[in-house]
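J.: Input file: entry04.txt. Contents: compact mmCIF, C-alpha atoms.
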# COMPACT_ATOMS: atom_id res chain seq x y z
CA MET A 1 0.00 0.00 0.00
CA SER A 2 1.50 3.34 -1.02
CA ARG A 3 1.07 6.59 0.81
CA ALA A 4 -0.64 9.33 -1.10
CA LEU A 5 1.62 12.27 -1.77
CA LYS A 6 0.43 15.62 -0.50
CA ALA A 7 0.33 18.34 -3.08
CA PRO A 8 2.66 21.22 -2.25
CA PHE A 9 1.08 24.53 -1.34
CA LYS A 10 0.67 27.11 -4.07
CA ASP A 11 2.46 30.46 -3.74
CA TYR A 12 -0.79 32.23 -2.90
CA GLU A 13 -1.51 29.76 -0.05
CA GLY A 14 1.56 30.64 1.99
CA ILE A 15 5.29 31.23 1.89
CA LYS A 16 6.35 27.78 3.12
CA SER A 17 6.18 24.78 0.84
CA LYS A 18 5.73 22.47 3.86
CA ASP A 19 3.47 24.16 6.37
CA LYS A 20 0.80 23.24 8.93
CA TYR A 21 -2.79 23.54 7.84
CA ILE A 22 -6.33 23.02 9.10
CA ARG A 23 -9.42 21.40 7.63
CA LEU A 24 -12.29 23.79 7.10
CA THR A 25 -15.14 22.22 5.15
CA LYS A 26 -17.71 23.85 2.92
CA SER A 27 -20.53 22.46 5.06
CA MET A 28 -19.05 24.23 8.09
CA MET A 29 -18.58 27.50 6.22
CA ASP A 30 -22.18 27.29 4.91
CA ASN A 31 -23.64 26.53 8.35
CA GLU A 32 -25.66 29.38 9.86
CA ASN A 33 -24.09 28.88 13.30
CA PHE A 34 -20.62 29.30 11.79
CA LYS A 35 -21.69 32.34 9.76
CA LYS A 36 -22.96 34.02 12.95
CA LEU A 37 -19.59 33.77 14.71
CA LYS A 38 -17.74 37.05 15.15
CA PRO A 39 -14.69 37.35 12.85
CA SER A 40 -12.30 37.37 15.81
CA THR A 41 -13.95 34.19 17.12
CA VAL A 42 -13.38 32.47 13.77
CA ILE A 43 -9.71 33.45 13.94
CA VAL A 44 -9.35 32.03 17.47
CA TYR A 45 -11.14 28.84 16.35
CA MET A 46 -8.81 28.42 13.38
CA TYR A 47 -5.74 28.88 15.58
CA MET A 48 -7.15 26.32 18.02
CA LYS A 49 -7.58 23.85 15.16
CA LEU A 50 -4.02 24.53 14.04
CA TRP A 51 -2.68 24.06 17.58
CA ALA A 52 -4.69 20.85 18.09
CA ASN A 53 -2.95 19.35 15.06
CA GLY A 54 -5.91 17.11 14.15
CA GLU A 55 -6.62 15.95 17.72
CA LYS A 56 -10.14 16.22 19.15
CA GLU A 57 -8.97 17.14 22.67
CA PHE A 58 -6.22 19.69 23.25
CA ASP A 59 -4.70 22.12 25.76
CA TYR A 60 -4.92 25.79 24.87
CA SER A 61 -3.80 28.54 27.21
CA LYS A 62 -4.95 32.13 27.40
CA SER A 63 -1.38 33.21 26.62
CA LEU A 64 -1.55 31.34 23.27
CA GLY A 65 -4.84 33.00 22.38
CA SER A 66 -3.58 36.39 23.47
CA LYS A 67 -0.81 36.18 20.85
CA VAL A 68 -3.53 36.34 18.21
CA VAL A 69 -6.10 38.70 19.72
CA SER A 70 -6.41 40.75 22.91
CA GLN A 71 -7.11 38.92 26.19
CA MET A 72 -10.67 40.26 26.37
CA THR A 73 -11.37 39.30 22.75
CA TYR A 74 -9.93 35.84 23.41
CA THR A 75 -12.12 35.37 26.51
CA ASN A 76 -15.22 36.45 24.58
CA ALA A 77 -14.31 34.16 21.67
CA ILE A 78 -13.98 31.15 23.98
CA LYS A 79 -17.37 31.91 25.53
CA GLU A 80 -18.95 32.21 22.08
CA LEU A 81 -17.35 28.98 20.81
CA ILE A 82 -18.65 27.09 23.85
CA GLU A 83 -22.13 28.66 23.72
CA LYS A 84 -22.52 27.94 20.00
CA GLY A 85 -21.33 24.35 20.26
CA PHE A 86 -17.94 24.46 18.52
CA ILE A 87 -15.84 23.52 21.55
CA GLU A 88 -16.39 22.12 25.04
CA ARG A 89 -14.26 22.81 28.08
CA VAL A 90 -12.77 19.60 29.48
CA TYR A 91 -10.64 21.20 32.19
CA PHE A 92 -10.65 24.74 33.52
CA SER A 93 -7.46 26.04 35.07
CA ASP A 94 -7.77 28.64 37.77
CA GLY A 95 -4.13 29.56 37.24
CA GLY A 96 -2.78 27.37 40.02
CA GLY A 97 -0.15 24.91 38.86
CA HIS A 98 0.24 26.72 35.56
CA ARG A 99 -1.81 24.09 33.73
CA PRO A 100 -3.55 25.34 30.57
CA ASN A 101 -7.26 24.90 29.94
CA CYS A 102 -8.23 21.75 28.09
CA TYR A 103 -10.88 21.80 25.35
CA LYS A 104 -12.35 19.41 22.83
CA PHE A 105 -13.97 20.10 19.52
CA SER A 106 -17.71 19.52 19.44
CA ASP A 107 -20.26 18.84 16.73
CA LYS A 108 -23.13 20.51 18.59
CA TRP A 109 -22.95 23.41 16.11
CA THR A 110 -24.23 21.00 13.42
CA LYS A 111 -27.47 20.26 15.26
CA ASN A 112 -29.09 23.60 14.35
CA LEU A 113 -29.84 24.24 18.00
CA PRO A 114 -31.10 27.72 18.91
CA PHE A 115 -28.08 29.49 20.38
Represent the structure of the file as structure tokens.
T.:
Amino acid sequence: MSRALKAPFKDYEGIKSKDKYIRLTKSMMDNENFKKLKPSTVIVYMYMKLWANGEKEFDYSKSLGSKVVSQMTYTNAIKELIEKGFIERVYFSDGGGHRPNCYKFSDKWTKNLPF
């Protein structure tokens, strides 16, 4: 069995020929719940997907999110992602022990629930 070769990125997709990437499907982009997310929330979500590296459950600290957007914007984005069913909090760190928060991606956003 041979491994499928990955096509290299095009010049307009980035400056590195071998780079990390995320999966973002058309059905997600067409979903009303996704369309209603604030732009900054979408950015935080995409960075979370990049950081998770394909894993469903992942650690993500406020300091990581604050490299992308302000701390307040990051906090609001996390709340929105949880409320709208894109992520769930597995572990909440109160700052003691310097352990980051743990999240997992959720499919609740697909259920067309009233958010």
J.: Pick out the closest residue to A:Asp59 from this set: A:Trp109, A:Tyr12, A:Leu24, A:Glu88. Count only C-alpha atoms.
T.: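 That would be A:Glu88, the residue with the smallest distance to A:Asp59.
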J.: In terms of the shortest atom-to-atom distance over all atoms listed in the file, which of A:Val44, A:Ile15, A:Met29, A:Ala52 is closest to A:Gly65?
T.: A:Val44
J.: Could you check how far atom CA of A:Leu50 sits from atom CA of A:Tyr21, in Å to one decimal?
T.: 6.4 Å
J.: Restricting the calculation to all atoms listed in the file, which member of A:Thr25, A:Ile78, A:Asp19, A:Met48 is positioned closest to A:Ala7?
T.: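 Nearest to A:Ala7: A:Asp19.
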J.: Counting only C-alpha atoms, what is within 7 Å of A:Phe86, bar same-chain residues fewer than 2 positions away, as a list in words?
T.: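 Residues near the query, excluding close chain neighbours: Leu81, Ile82, Lys84, Phe105, Ser106, Asp107, Lys108 and Trp109 of chain A.
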J.: Output the selection as a compact mmCIF listing (two decimals), keeping the file's coordinate frame - C-alpha atoms for each residue.
T.:
# COMPACT_ATOMS: atom_id res chain seq x y z
CA LEU A 81 -17.35 28.98 20.81
CA ILE A 82 -18.65 27.09 23.85
CA LYS A 84 -22.52 27.94 20.00
CA PHE A 105 -13.97 20.10 19.52
CA SER A 106 -17.71 19.52 19.44
CA ASP A 107 -20.26 18.84 16.73
CA LYS A 108 -23.13 20.51 18.59
CA TRP A 109 -22.95 23.41 16.11
J.: Tell me which protein, DNA and RNA residues are within 12 Å of A:Val42, counting all atoms listed in the file, leaving out same-chain ones fewer than 2 positions away, and put them as number ranges by chain.
T.: A: 24, 28-29, 33-40, 44-49, 68-69, 73-74, 76-78, 80-81, 84, 86
J.: Record the distance separating atom CA of A:Phe58 and atom CA of A:Pro100, expressed in Å with one decimal.
T.: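 About the pair atom CA of A:Phe58 and atom CA of A:Pro100: they are 9.6 Å apart.
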J.: Report the distance between atom CA of A:Glu32 and atom CA of A:Ser66 in Å, rounded to one decimal place.
T.: 26.9 Å
J.: When distances are computed from all atoms listed in the file, which of A:Lys62, A:Arg89, A:Arg99, A:Lys18 shows the smallest separation from A:Thr75?
T.: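 Ranking A:Lys62, A:Arg89, A:Arg99, A:Lys18 by distance to A:Thr75, first place goes to A:Lys62.
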J.: With all atoms listed in the file as the counted atoms, please give the residues lying no more than 10 Å from A:Ser17, apart from itself and same-chain residues fewer than 6 positions off, as a PDB file with C-alpha atoms, keeping the file's coordinate frame.
T.:
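Saved file selection-v5.pdb follows:
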ATOM      1  CA  ALA A   7       0.330  18.340  -3.080  1.00  0.00           C
ATOM      2  CA  PRO A   8       2.660  21.220  -2.250  1.00  0.00           C
ATOM      3  CA  PHE A   9       1.080  24.530  -1.340  1.00  0.00           C
ATOM      4  CA  LYS A  10       0.670  27.110  -4.070  1.00  0.00           C
ATOM      5  CA  ASP A  11       2.460  30.460  -3.740  1.00  0.00           C
TER       6      ASP A  11
END
J.: What box, with edges along x, y and z, holds each listed atom of stretch 9-26 of chain A when 4 Å is added on every side, and can you state its centre and edge lengths in Å to one decimal, as JSON?
T.:
{"center_x": -5.7, "center_y": 26.8, "center_z": 2.5, "size_x": 32.1, "size_y": 18.8, "size_z": 21.2}
J.: Please determine, counting all atoms listed in the file, which residue among A:Asn101, A:Thr110, A:Lys20, A:Thr41 has the shortest atom-to-atom distance to A:Leu64.
T.: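 Smallest distance to A:Leu64 is found for A:Asn101.
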